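Notes follow the structure.
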Amino acid sequence: MLAPTDERLIHALQIEPRAGWTDLAPVVGVDAATLGRRWSRLRDDGIAWVTGFRPRRQLALIEIECEPAQSEATARELARDPAVWVLDCCSGARDLLAIVSFDDLATLSDYALRGLGEMKGLRSVRTHPVNEVLVDAANWRLRALTSEEAARVRPPRGPRARAARLVADDLREAIEAEVWRDGRVPVTDIAEKHGFSPQRVADALATLRRNGELHFRTDLAREVSGWPIYTWYFVEASARTIETVRTSLATVPEVRLAFTSPSRYNLILAVWLRKMADVNRFEMALGSALPDSRIADRSVVLSIRKHMAQIIGPDTRSLGHAGP
């Protein structure tokens, strides 16, 4: 388990992933230098990491069934695919679950029909486009800070009044590439590597964040989170039920991700639980909370192979960046 100070630090970075150590020191309760050392250890040990990413207009969850001899090779190949943001090896009716990200439905369709369709060893592919995200995993919190302490974490600073309103494509691409690898990469490192001034990079980064064109999230290894069991639930729910639970689902700490989809399963949830026995208990509670609905299927995640830009090891720690 994490030390209390590490939990407080990670919670603070979940609120503002690029916060400076000087700003966080009075919130977490230790000096800035200590925070920097602790974060370096957490990151280097694969326990926690920050990712910056451009939000895409079309996400989808894809169920994949493999030929038995091809499961491992397929997982390795998909883990290297930049379109795959999450890759889980699962129990039940699917071998792999992949969350993929594209700019539009046409590109997603081409990927599902041609990209995956041409891969060897796949028995079936079922695609569930994301219609509306009800609970975003990026908003999940470790809950190590009090509400008063969490409120003291400063939001990101906006761009300077003199900053350019538009970000040039080459600068945008440079920033996106670097924060995808490390969401806390210093502005000076981006500037030096790509030939821009630090002030221009800082202005562009602030502008992209203000405009909602660049998001950041802090993640941690599931095994040290206190919620080691990871399960997907596939629900057939009435439209009335979905409207009823739209806000209440966000208050359930076990729910990491919930979204609607125009598919057979129109409500899909990713859930973190404390022990395996909680799978049935949560399912019973979920069934009671969702009238006029049916839990059509579920899968326990046997291993996470990729999460955002990170390859994940058997102990759920990051093994490093997955590539472009």
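Following the order of the structure tokens, chains are lettered A, B, ..., residues in each are numbered from 1, and ligands are numbered from 1.
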Range 114-184 of chain A residues near range 13-22 of chain A within 7 Å, closest pair each, using only C-alpha atoms, as JSON lines:
{"residue": "A:Arg141", "atom": "CA", "partner": "A:Gln14", "partner_atom": "CA", "distance": 6.5}
{"residue": "A:Pro155", "atom": "CA", "partner": "A:Glu16", "partner_atom": "CA", "distance": 6.2}
{"residue": "A:Pro156", "atom": "CA", "partner": "A:Glu16", "partner_atom": "CA", "distance": 6.9}
{"residue": "A:Arg184", "atom": "CA", "partner": "A:Arg18", "partner_atom": "CA", "distance": 5.6}
For all heavy atoms, I'd like the residues from the last selection saved as a PDB file, in the first residue's frame.
ATOM      1  N   ARG A 141     -11.027   9.804  -7.845  1.00  0.00           N
ATOM      2  CA  ARG A 141     -10.087  10.362  -6.879  1.00  0.00           C
ATOM      3  C   ARG A 141      -9.736   9.335  -5.809  1.00  0.00           C
ATOM      4  O   ARG A 141     -10.567   8.525  -5.399  1.00  0.00           O
ATOM      5  CB  ARG A 141     -10.682  11.613  -6.202  1.00  0.00           C
ATOM      6  CG  ARG A 141     -11.027  12.739  -7.164  1.00  0.00           C
ATOM      7  CD  ARG A 141      -9.768  13.373  -7.737  1.00  0.00           C
ATOM      8  NE  ARG A 141     -10.069  14.479  -8.646  1.00  0.00           N
ATOM      9  CZ  ARG A 141     -10.011  14.395  -9.968  1.00  0.00           C
ATOM     10  NH1 ARG A 141      -9.686  13.241 -10.542  1.00  0.00           N
ATOM     11  NH2 ARG A 141     -10.281  15.440 -10.723  1.00  0.00           N
ATOM     12  N   PRO A 155      -6.202  25.531  -9.703  1.00  0.00           N
ATOM     13  CA  PRO A 155      -6.457  25.086 -11.080  1.00  0.00           C
ATOM     14  C   PRO A 155      -5.352  25.583 -11.994  1.00  0.00           C
ATOM     15  O   PRO A 155      -4.557  26.464 -11.613  1.00  0.00           O
ATOM     16  CB  PRO A 155      -7.804  25.737 -11.417  1.00  0.00           C
ATOM     17  CG  PRO A 155      -7.853  26.945 -10.538  1.00  0.00           C
ATOM     18  CD  PRO A 155      -7.158  26.566  -9.264  1.00  0.00           C
ATOM     19  N   PRO A 156      -5.254  25.051 -13.203  1.00  0.00           N
ATOM     20  CA  PRO A 156      -4.201  25.510 -14.119  1.00  0.00           C
ATOM     21  C   PRO A 156      -4.362  26.982 -14.453  1.00  0.00           C
ATOM     22  O   PRO A 156      -5.472  27.495 -14.580  1.00  0.00           O
ATOM     23  CB  PRO A 156      -4.400  24.627 -15.357  1.00  0.00           C
ATOM     24  CG  PRO A 156      -5.809  24.129 -15.267  1.00  0.00           C
ATOM     25  CD  PRO A 156      -6.095  23.991 -13.802  1.00  0.00           C
ATOM     26  N   ARG A 184       3.844  15.481 -17.254  1.00  0.00           N
ATOM     27  CA  ARG A 184       4.490  16.523 -16.457  1.00  0.00           C
ATOM     28  C   ARG A 184       5.812  16.992 -17.068  1.00  0.00           C
ATOM     29  O   ARG A 184       6.626  17.608 -16.392  1.00  0.00           O
ATOM     30  CB  ARG A 184       4.720  16.023 -15.027  1.00  0.00           C
ATOM     31  CG  ARG A 184       3.442  15.910 -14.212  1.00  0.00           C
ATOM     32  CD  ARG A 184       3.747  15.650 -12.733  1.00  0.00           C
ATOM     33  NE  ARG A 184       4.580  16.666 -12.128  1.00  0.00           N
ATOM     34  CZ  ARG A 184       4.130  17.827 -11.632  1.00  0.00           C
ATOM     35  NH1 ARG A 184       2.826  18.108 -11.680  1.00  0.00           N
ATOM     36  NH2 ARG A 184       4.960  18.698 -11.097  1.00  0.00           N
TER      37      ARG A 184
END
Residues of range 162-243 of chain A at most 7 Å from range 269-292 of chain A: nearest atom pair and distance in Å, only C-alpha atoms, as a Markdown table:
| residue | atom | partner | partner_atom | distance |
| --- | --- | --- | --- | --- |
| A:Gly226 | CA | A:Arg274 | CA | 6.3 |
| A:Trp227 | CA | A:Arg274 | CA | 4.4 |
| A:Pro228 | CA | A:Arg274 | CA | 5.8 |
| A:Ile229 | CA | A:Leu273 | CA | 4.9 |
| A:Tyr230 | CA | A:Trp272 | CA | 4.6 |
| A:Thr231 | CA | A:Val271 | CA | 5.2 |
| A:Trp232 | CA | A:Ala270 | CA | 4.6 |
| A:Tyr233 | CA | A:Leu269 | CA | 5.2 |
| A:Phe234 | CA | A:Leu269 | CA | 6.7 |
| A:Ala237 | CA | A:Asp292 | CA | 6.4 |
| A:Ser238 | CA | A:Asp292 | CA | 6.0 |
| A:Thr241 | CA | A:Leu290 | CA | 6.1 |
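Nearest-residue note for Glu7 in chain A: choosing from A:Leu42, A:Arg76, A:Leu59, A:Ile242, the minimum distance belongs to A:Leu42, counting only C-alpha atoms.
Using only C-alpha atoms, the shortest contact distance between Thr316 in chain A and any of A:Ala83, A:Asn211, A:Asp45, A:Gly29 is found at A:Asp45.
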note - CA of Thr260 in chain A and CA of Val235 in chain A are separated by 9.5 Å
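Proximity to Arg246 in chain A was assessed for A:Leu214, A:Asp169, A:Arg8, A:Phe259 counting only C-alpha atoms; the smallest distance is recorded for A:Phe259.
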Mind pulling up the distance from CA of Ser261 in chain A to CA of Asp104 in chain A?
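We find that CA of Asp104 in chain A and CA of Ser261 in chain A lie 15.1 Å from each other.
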Residue nearest Leu205 in chain A among A:Val30, A:Phe53, A:Arg256, A:Asp88 (counting only C-alpha atoms):
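Closest residue, counting only C-alpha atoms: A:Phe53.
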Taking into account only C-alpha atoms, which residue in the set A:Val245, A:Leu87, A:Leu2, A:Ala204 is nearest to Leu302 in chain A?
A:Leu87
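Counting only C-alpha atoms, the residue from A:Ser225, A:Ala239, A:Val135, A:Ala60 that sits nearest to Trp85 in chain A is A:Ala60.
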Going by DSSP on the backbone, which bits of range 41-290 of chain A are alpha helix (DSSP H)? Write them as a VMD selection string, please.
chain A and resid 41 to 44 71 to 79 105 to 110 147 to 151 169 to 181 187 to 194 198 to 210 239 to 245 278 to 289
Find the spatial neighbours of Arg43 in chain A, counting only C-alpha atoms, within a cut-off of 12 Å - ignore same-chain residues fewer than 5 positions away - and output them as a list in words.
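Near neighbours after the sequence-gap exclusion: Asp6, Ile10, Gly36, Arg37, Arg38, Ala48, Trp49, Val50, Thr51, Asp182, Gly183, Arg184, Thr218, Asp219, Leu220, Ala221, Gln310, Arg317, Ser318, Leu319, Gly320 and His321 of chain A.
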Could you turn the residues from that selection into a file that holds N, CA, C and O atoms, as a tab-separated table (two decimals), in the first residue's frame?
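Printed below is selection_20.tsv as written:
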chain	number	residue	atom	x	y	z
A	6	ASP	N	2.26	9.82	0.02
A	6	ASP	CA	2.15	9.51	-1.40
A	6	ASP	C	0.68	9.54	-1.85
A	6	ASP	O	0.37	10.01	-2.95
A	10	ILE	N	-0.69	12.00	-4.78
A	10	ILE	CA	-1.39	11.50	-5.97
A	10	ILE	C	-2.78	12.11	-6.08
A	10	ILE	O	-3.21	12.50	-7.17
A	36	GLY	N	8.93	16.52	-4.96
A	36	GLY	CA	9.59	16.19	-6.21
A	36	GLY	C	10.27	14.84	-6.16
A	36	GLY	O	10.19	14.05	-7.10
A	37	ARG	N	10.95	14.55	-5.04
A	37	ARG	CA	11.62	13.26	-4.90
A	37	ARG	C	10.61	12.12	-4.83
A	37	ARG	O	10.81	11.06	-5.44
A	38	ARG	N	9.53	12.33	-4.10
A	38	ARG	CA	8.51	11.28	-3.99
A	38	ARG	C	7.86	11.00	-5.34
A	38	ARG	O	7.63	9.84	-5.69
A	48	ALA	N	2.67	5.46	-10.39
A	48	ALA	CA	1.77	6.54	-10.81
A	48	ALA	C	2.38	7.27	-11.99
A	48	ALA	O	3.61	7.32	-12.14
A	49	TRP	N	1.52	7.84	-12.83
A	49	TRP	CA	2.00	8.56	-14.01
A	49	TRP	C	0.94	9.54	-14.46
A	49	TRP	O	-0.23	9.42	-14.14
A	50	VAL	N	1.39	10.54	-15.21
A	50	VAL	CA	0.50	11.57	-15.75
A	50	VAL	C	0.55	11.50	-17.27
A	50	VAL	O	1.62	11.37	-17.86
A	51	THR	N	-0.61	11.59	-17.89
A	51	THR	CA	-0.71	11.57	-19.35
A	51	THR	C	-1.46	12.81	-19.83
A	51	THR	O	-2.50	13.17	-19.28
A	182	ASP	N	4.84	11.93	-21.30
A	182	ASP	CA	4.97	12.32	-19.89
A	182	ASP	C	4.18	13.60	-19.69
A	182	ASP	O	4.59	14.67	-20.15
A	183	GLY	N	3.05	13.49	-18.99
A	183	GLY	CA	2.18	14.65	-18.82
A	183	GLY	C	2.77	15.76	-17.99
A	183	GLY	O	2.26	16.88	-18.02
A	184	ARG	N	3.84	15.48	-17.25
A	184	ARG	CA	4.49	16.52	-16.46
A	184	ARG	C	5.81	16.99	-17.07
A	184	ARG	O	6.63	17.61	-16.39
A	218	THR	N	-4.08	11.82	-14.07
A	218	THR	CA	-3.10	11.09	-13.25
A	218	THR	C	-3.67	9.72	-12.94
A	218	THR	O	-4.80	9.60	-12.46
A	219	ASP	N	-2.90	8.69	-13.22
A	219	ASP	CA	-3.31	7.31	-12.97
A	219	ASP	C	-2.33	6.64	-12.03
A	219	ASP	O	-1.17	7.07	-11.89
A	220	LEU	N	-2.79	5.56	-11.39
A	220	LEU	CA	-1.90	4.80	-10.51
A	220	LEU	C	-2.16	3.31	-10.69
A	220	LEU	O	-3.22	2.90	-11.18
A	221	ALA	N	-1.17	2.53	-10.30
A	221	ALA	CA	-1.27	1.07	-10.39
A	221	ALA	C	-2.43	0.59	-9.54
A	221	ALA	O	-2.57	0.98	-8.38
A	310	GLN	N	0.78	3.88	-21.60
A	310	GLN	CA	1.68	3.04	-20.82
A	310	GLN	C	1.42	1.55	-21.04
A	310	GLN	O	0.27	1.12	-21.05
A	317	ARG	N	1.72	-2.22	-12.56
A	317	ARG	CA	2.57	-1.04	-12.66
A	317	ARG	C	2.92	-0.76	-14.12
A	317	ARG	O	2.95	-1.67	-14.95
A	318	SER	N	3.22	0.50	-14.40
A	318	SER	CA	3.64	0.87	-15.74
A	318	SER	C	5.05	0.33	-16.00
A	318	SER	O	5.95	0.47	-15.16
A	319	LEU	N	5.22	-0.26	-17.20
A	319	LEU	CA	6.54	-0.71	-17.63
A	319	LEU	C	7.22	0.30	-18.55
A	319	LEU	O	8.35	0.08	-18.99
A	320	GLY	N	6.51	1.39	-18.85
A	320	GLY	CA	7.08	2.40	-19.72
A	320	GLY	C	6.14	2.77	-20.86
A	320	GLY	O	5.07	2.17	-21.03
A	321	HIS	N	6.57	3.73	-21.63
A	321	HIS	CA	5.75	4.27	-22.71
A	321	HIS	C	5.58	3.25	-23.82
A	321	HIS	O	6.51	2.53	-24.18
Expressed in Å, the length from CA of Leu267 in chain A to CA of Lys306 in chain A is 23.0 Å
As JSON, numbers by chain, please: every residue in range 238-300 of chain A that DSSP puts in strand (DSSP E or B).
{"A": [255, 256, 257, 258, 259, 260, 267, 268, 269, 270, 271, 272, 273, 293, 294, 295, 296, 297, 298, 299, 300]}
Using only C-alpha atoms, determine which residues lie at most 7 Å from Ala138 in chain A, disregarding the query and same-chain residues fewer than 2 positions distant; provide the list as JSON, numbers by chain.
{"A": [136, 140, 217]}
Neighbouring residues of Arg209 in chain A were defined as those with any atom within 12 Å, considering only C-alpha atoms; residues of the same chain fewer than 6 positions away were excluded. Please report them as a PyMOL selection string.
chain A and resi 16-18+52-55+155-159+167+172+175-176+202-203+215-216
Please report, as a tab-separated table, each residue of range 105-169 of chain A lying at most 7 Å from range 262-266 of chain A, together with the nearest pair of atoms and the separation in Å rounded to one decimal; use only C-alpha atoms, and order rows by chain and ascending residue number.
residue	atom	partner	partner_atom	distance
A:His128	CA	A:Ser263	CA	5.9
A:Pro129	CA	A:Pro262	CA	6.8
A:Asn131	CA	A:Pro262	CA	6.7
Could you dump the residues just selected with all heavy atoms as a short mmCIF file (atom, residue, chain, number, x, y, z; two decimals), in the first residue's frame?
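Final output, part_9.cif:
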data_model
loop_
_atom_site.label_atom_id
_atom_site.label_comp_id
_atom_site.auth_asym_id
_atom_site.auth_seq_id
_atom_site.Cartn_x
_atom_site.Cartn_y
_atom_site.Cartn_z
N HIS A 128 -18.69 -1.22 -29.78
CA HIS A 128 -19.69 -0.44 -29.04
C HIS A 128 -19.25 1.02 -29.04
O HIS A 128 -18.46 1.44 -28.19
CB HIS A 128 -19.83 -0.95 -27.60
CG HIS A 128 -20.08 -2.42 -27.49
ND1 HIS A 128 -21.31 -2.98 -27.74
CD2 HIS A 128 -19.25 -3.45 -27.18
CE1 HIS A 128 -21.24 -4.29 -27.57
NE2 HIS A 128 -20.00 -4.60 -27.24
N PRO A 129 -19.73 1.83 -30.00
CA PRO A 129 -19.37 3.25 -30.01
C PRO A 129 -19.86 3.94 -28.74
O PRO A 129 -20.95 3.64 -28.24
CB PRO A 129 -20.09 3.79 -31.24
CG PRO A 129 -20.40 2.58 -32.07
CD PRO A 129 -20.62 1.47 -31.11
N ASN A 131 -21.54 6.79 -26.91
CA ASN A 131 -22.50 7.84 -27.21
C ASN A 131 -22.34 9.01 -26.24
O ASN A 131 -22.14 10.15 -26.64
CB ASN A 131 -23.92 7.27 -27.15
CG ASN A 131 -24.96 8.28 -27.56
OD1 ASN A 131 -24.70 9.16 -28.37
ND2 ASN A 131 -26.15 8.17 -27.00
#
